[in-house]
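Q: What follows is a single structure, and I will ask about it in a moment.
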Amino acid sequence: MTNLFQRSVTGLFIIIILVGSILLSGLSFFLLFLIILVASMFEFYRMARHTKARPQKYFGVTIGAMLFIMNFLYAIGCINKKFFFVFVPLVVLVFINELYLNNNRPFTNIAYTLLGIIYVAAPLSMINYLVFSHAGELFEIQTGEGTIDIVNFIFQPERKIIYSSHILLGFFFLMWAYDTGAYIVGVPLGRHKLFKRISPKKTWEGLVGGATLSFAVSILISKFFIDLRMTDWVVIAFIIMTIGTFGDLVESMFKRSVGVKDSGRLLPGHGGLLDRFDGVFLSIPVVFSYIQFIT
């Protein structure tokens, strides 16, 4: 099987799983991205061990998963924001745990443990706010008989939770359009290196090809996904073109620093999940911030 055919088959499989899960329901969205988060964090911590670091991978993944779950529950209005204060003692415990692990490079281990949460879990947690409408504060919701208690609200919600896949699907469509355009143009025509020291295969020609297709797709999807204006979709395409490219370069820098070619072998022809979602990790926080700014 040629590498191109293998990449194409795997890429099609990824698209089907992602689009299908996002379209199906809020629950399938939640389960898919929780799995992606956990698997990506394990990849990150496994790569970190090539530097002789010993991150607290199980504790780090637990904190990362909790962060995603808590943001999901807050996004659908099931918990109050005060619940997020639980992460303060959890982060403190990362430092305390290292005292008992008797490792030679304790602060390197702490740094990698926390970086896995910041680099992978925090951005993926923000995705919840791209699909669920803002539900407000749980304890500010009033009925004729007073404030709704948490048990009744969770199991017998008094209001409809709105799940919309348009913005998240649009984001991925633009990301895939950029990757496709960069590959189609960059492979045959690429001559001028974009960042040779980090990623010798990336070229300015590929960037222009990816940007052109991404901008074209942003105009097209604005006709169908009317949650945002056309100008907003164009801005998101620009964010993906710039920040997504830097995200790819940052992950390449990490791989070079630890001496590995791919972050994993889960996706034939693509490497690992970090290789596939590297542009997502840096661009999602910026897209999230932009949407919060305009709404």
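Chains: A, B, ... in order of the structure tokens. Residues: from 1 per chain. Ligands: from 1, in order shown.
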Run DSSP on the backbone and tell me which residues of stretch 86-267 of chain A come out as helix (DSSP H, G or I); list them as JSON, numbers by chain.
A: {"A": [86, 87, 88, 89, 90, 91, 92, 93, 94, 95, 96, 97, 98, 99, 106, 107, 108, 109, 110, 111, 112, 113, 114, 115, 116, 117, 118, 119, 120, 121, 122, 123, 124, 125, 126, 128, 129, 130, 131, 138, 139, 140, 150, 151, 152, 153, 154, 155, 166, 167, 168, 169, 170, 171, 172, 173, 174, 175, 176, 177, 178, 179, 180, 181, 182, 183, 184, 185, 186, 187, 188, 189, 204, 205, 206, 207, 208, 209, 210, 211, 212, 213, 214, 215, 216, 217, 218, 219, 220, 221, 230, 231, 232, 233, 234, 235, 236, 237, 238, 239, 240, 241, 242, 243, 244, 245, 246, 247, 248, 249, 250, 251, 252, 253, 254, 255, 256, 257, 258]}
Q: What are the nearest atom pairs, with distances in Å to one decimal, for all residues of stretch 159-255 of chain A that come at most 12 Å from stretch 111-124 of chain A, using only C-alpha atoms, set out by chain and rising residue number as a tab-separated table?
A:
residue	atom	partner	partner_atom	distance
A:Leu168	CA	A:Leu124	CA	11.6
A:Gly247	CA	A:Tyr119	CA	10.3
A:Val250	CA	A:Tyr119	CA	10.6
A:Glu251	CA	A:Tyr119	CA	10.2
A:Phe254	CA	A:Tyr119	CA	11.6
Q: Those residues you just picked out, can you put them in a file as a CSV table (one decimal), in the first residue's frame with N, CA and C atoms?
A:
chain,number,residue,atom,x,y,z
A,168,LEU,N,-18.3,24.0,14.9
A,168,LEU,CA,-17.2,23.1,15.0
A,168,LEU,C,-17.0,22.3,13.7
A,247,GLY,N,0.9,25.8,15.0
A,247,GLY,CA,0.7,24.7,15.8
A,247,GLY,C,1.4,23.4,15.2
A,250,VAL,N,5.1,23.9,15.9
A,250,VAL,CA,5.4,23.7,17.4
A,250,VAL,C,5.5,22.2,17.7
A,251,GLU,N,4.5,21.4,17.1
A,251,GLU,CA,4.6,19.9,17.3
A,251,GLU,C,5.8,19.3,16.7
A,254,PHE,N,8.7,20.0,18.9
A,254,PHE,CA,8.6,19.0,20.0
A,254,PHE,C,9.2,17.7,19.6
Q: Name the residues in contact with A:Ile236 at a cut-off of 9 Å, using only C-alpha atoms, excluding same-chain residues fewer than 2 positions from it; report them as a ChimeraX atom specification.
A: /A:171,174,218,231-234,238-241,286-287,290
Q: Which is closest to A:Thr242 among A:Ala75, A:Leu189, A:Val280, A:Leu169, if we use only C-alpha atoms?
A: A:Val280
Q: Excluding A:Lys255 and its own-chain neighbours fewer than 2 positions away, which residues fall within 10 Å of it when counting only C-alpha atoms? Please give them as an mmCIF file with C-alpha atoms, in the first residue's frame.
A:
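Saved to around-v3.cif:
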data_model
loop_
_atom_site.group_PDB
_atom_site.id
_atom_site.type_symbol
_atom_site.label_atom_id
_atom_site.label_comp_id
_atom_site.auth_asym_id
_atom_site.auth_seq_id
_atom_site.Cartn_x
_atom_site.Cartn_y
_atom_site.Cartn_z
ATOM 1 C CA PHE A 44 2.445 13.526 24.718
ATOM 2 C CA MET A 47 7.133 11.400 23.855
ATOM 3 C CA ALA A 48 8.284 13.350 26.915
ATOM 4 C CA HIS A 50 12.444 10.394 25.383
ATOM 5 C CA ILE A 198 11.871 22.811 12.002
ATOM 6 C CA LEU A 249 5.525 23.737 13.555
ATOM 7 C CA VAL A 250 5.377 23.654 17.361
ATOM 8 C CA GLU A 251 4.568 19.944 17.336
ATOM 9 C CA SER A 252 7.389 19.369 14.820
ATOM 10 C CA MET A 253 9.714 21.273 17.150
ATOM 11 C CA SER A 257 13.594 17.982 20.505
ATOM 12 C CA VAL A 258 12.814 14.460 21.693
ATOM 13 C CA GLY A 259 14.176 12.715 18.591
ATOM 14 C CA VAL A 260 11.062 11.029 17.176
ATOM 15 C CA LYS A 261 9.558 11.122 13.678
ATOM 16 C CA ASP A 262 5.891 10.583 14.606
ATOM 17 C CA SER A 263 4.002 11.047 17.845
ATOM 18 C CA ASP A 275 0.390 14.653 14.414
#
Q: Please identify all polymer residues within 10 Å of A:Tyr58, counting only C-alpha atoms, omitting same-chain residues fewer than 6 positions from it, and present them as a list in words.
A: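 Residues near the query, excluding close chain neighbours: Val38, Met41, Phe42, Tyr45, Gly64 and Thr113 of chain A.
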Q: Which residues are close to stretch 28-36 of chain A, i.e. within 12 Å by only C-alpha atoms, leaving aside same-chain residues fewer than 3 positions away? Reply as number ranges by chain.
A: A: 14, 17-25, 39-43, 61-62, 64-73, 75-76, 120-132, 163-165, 168-169, 266, 272-274, 276-277, 280-281
Q: Please return as a ChimeraX atom specification: the residues of stretch 64-220 of chain A that backbone DSSP assigns to strand (DSSP E or B).
A: /A:132,142-143,146-147,163,193-195,199-203
